[in-house]
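Novice: Structure below; questions to follow.
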Amino acid sequence: SFLRADIVVKTVMVLLLLASLWSWAIIINKWIALGGLKRKAGKFEKIFWSGQSLDELYQQFSLRNDHPMAAMFVAALREWRRAYEGGAPRESQIAGIKERIDKAMSVTILRETDGIERQLGFLATVGAVAPFIGLFGTVWGIMNSFTAIAARHDTTLAVVAPGIAEALFATALGLFAAVPAVIFYNRFINEIGRYANRLDAFADEFS
């Protein structure tokens with residue numbers, strides 16, 4: 001039915017197929033990335049609570065802070081070290097230093113979670129738009145069927161069927177692109193929300 005389809009319906013089908021393929025590439029990439037982040041966070045927390053000194057941890061992670069929790073720790077300790085550059089701060093300065101450390105961790109959390117959420121907007125767009133693009137292909141295919149009936153003055157199945165097949169195929173492709181995009185978008189948003197809560201909890205404990 002693709003080869004016999006009108007150029008407009010072909011364009012709709014190709015767009016939906018490309019959107020579906022790109023969605024699956026994002027889904028697989030995010031699945032692997034989130035799994036890796038959770039493993040690294042677990043490993044980092046285990047090392048952090050093992051009793052090593054903060055200076056040793058800073059030396060260990062400052063050069064390879066390749067995940068949000070390590071980046072947050074490095075940002076916080078860098079701010080702490082900066083406060084001690086001119087010697088031990090006075091007691092009245094401690095509250096301000098703590099506030100700067102909290103802000104450094106908050107900014108790091110926002111920056112890192114923004115990075116994790118990158119490309120998820122495409123999944124949301126596909127989930128919202130693909131059914132309507134498929135519906136457009138459906139309407140166009142049905143219009144072609146009515147045009148064929150009018151041109152031939154014939155309502156037999158042989159005349160109507162090709163346009164209806166195009167229409168149904170466009171609808172199916174729209175759903176095929178949209179349904180996984182919506183399912184995995186919601187799943188990833190929930191996973192990222194839980195991961196952000198984990199970062200916030202660690203930041204509170206560390207602070």
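Residue numbers start at 1 in each chain; chains themselves are named A, B, ... in the order of the structure tokens; ligands are numbered from 1 in the order shown.
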Quick one: residues within 10 Å of Ser20 (chain A), only C-alpha atoms counted, chain neighbours fewer than 2 positions away excluded, as a PyMOL selection string?
Specialist: chain A and resi 14-18+22-26+123+126-127+130+173-181
Novice: Using only C-alpha atoms, tabulate the residues of region 66-109 of chain A lying at most 10 Å from any atom of region 50-57 of chain A, each with its closest atom pair and that distance in Å to one decimal, by chain and increasing residue number, as CSV.
Specialist:
residue,atom,partner,partner_atom,distance
A:Ala70,CA,A:Leu57,CA,9.4
A:Phe73,CA,A:Leu57,CA,9.0
A:Val74,CA,A:Leu57,CA,8.8
A:Leu77,CA,A:Leu54,CA,8.0
A:Arg81,CA,A:Asp55,CA,9.7
Novice: Measuring between only C-alpha atoms, which one of A:Pro131, A:Gly96, A:Gly141, A:Pro68 shows the shortest distance to Glu112 (chain A)?
Specialist: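 Smallest distance to Glu112 (chain A) is found for A:Pro68.
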Novice: With distances taken over only C-alpha atoms, which residue among A:Ala76, A:Ile116, A:Val12, A:Leu21 lies nearest Tyr58 (chain A)?
Specialist: A:Ala76
Novice: Might you pull out every residue within 8 Å of Ala75 (chain A), with only C-alpha atoms counted and same-chain residues fewer than 3 positions away left off, and present them as a list in words?
Specialist: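 Residues near the query, excluding close chain neighbours: Ala71, Met72, Arg78, Glu79, Ile101, Ala104, Met105 and Thr108 of chain A.
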Novice: Find the residue from A:Trp80, A:Ile94, A:Met69, A:Phe169 that sits nearest to Lys38 (chain A); use only C-alpha atoms when measuring.
Specialist: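 Among the listed residues, the smallest separation from Lys38 (chain A) belongs to A:Met69.
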Novice: Calculated over only C-alpha atoms, which of the candidates A:Thr113, A:Ser207, A:Asn186, A:Leu63 has the smallest distance to Arg100 (chain A)?
Specialist: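 Among A:Thr113, A:Ser207, A:Asn186, A:Leu63, it is A:Ser207 that comes nearest to Arg100 (chain A).
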Novice: To test your reading of the structure, identify every residue in region 2-92 of chain A that backbone DSSP assigns to alpha helix (DSSP H), and report it as a VMD selection string.
Specialist: chain A and resid 7 to 48 54 to 61 68 to 83
Novice: What gap, in Å, lies between CA of Asp66 (chain A) and CA of Leu37 (chain A)?
Specialist: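 Separating CA of Asp66 (chain A) from CA of Leu37 (chain A) is a distance of 9.2 Å.
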Novice: What does the distance between CA of Ile164 (chain A) and CA of Thr147 (chain A) come to in Å, to one decimal place?
Specialist: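 Between CA of Ile164 (chain A) and CA of Thr147 (chain A) the gap is 12.1 Å.
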Novice: Nearest to Lys10 (chain A) among A:Phe61, A:Trp140, A:Phe146, A:Phe132, with distances taken over only C-alpha atoms: which residue is it?
Specialist: A:Trp140
Novice: Just checking: using only C-alpha atoms, which residue out of A:Phe206, A:Asn190, A:Ala196, A:Gly134 ends up closest to Ala167 (chain A)?
Specialist: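 Between A:Phe206, A:Asn190, A:Ala196, A:Gly134, the residue approaching Ala167 (chain A) most closely is A:Gly134.
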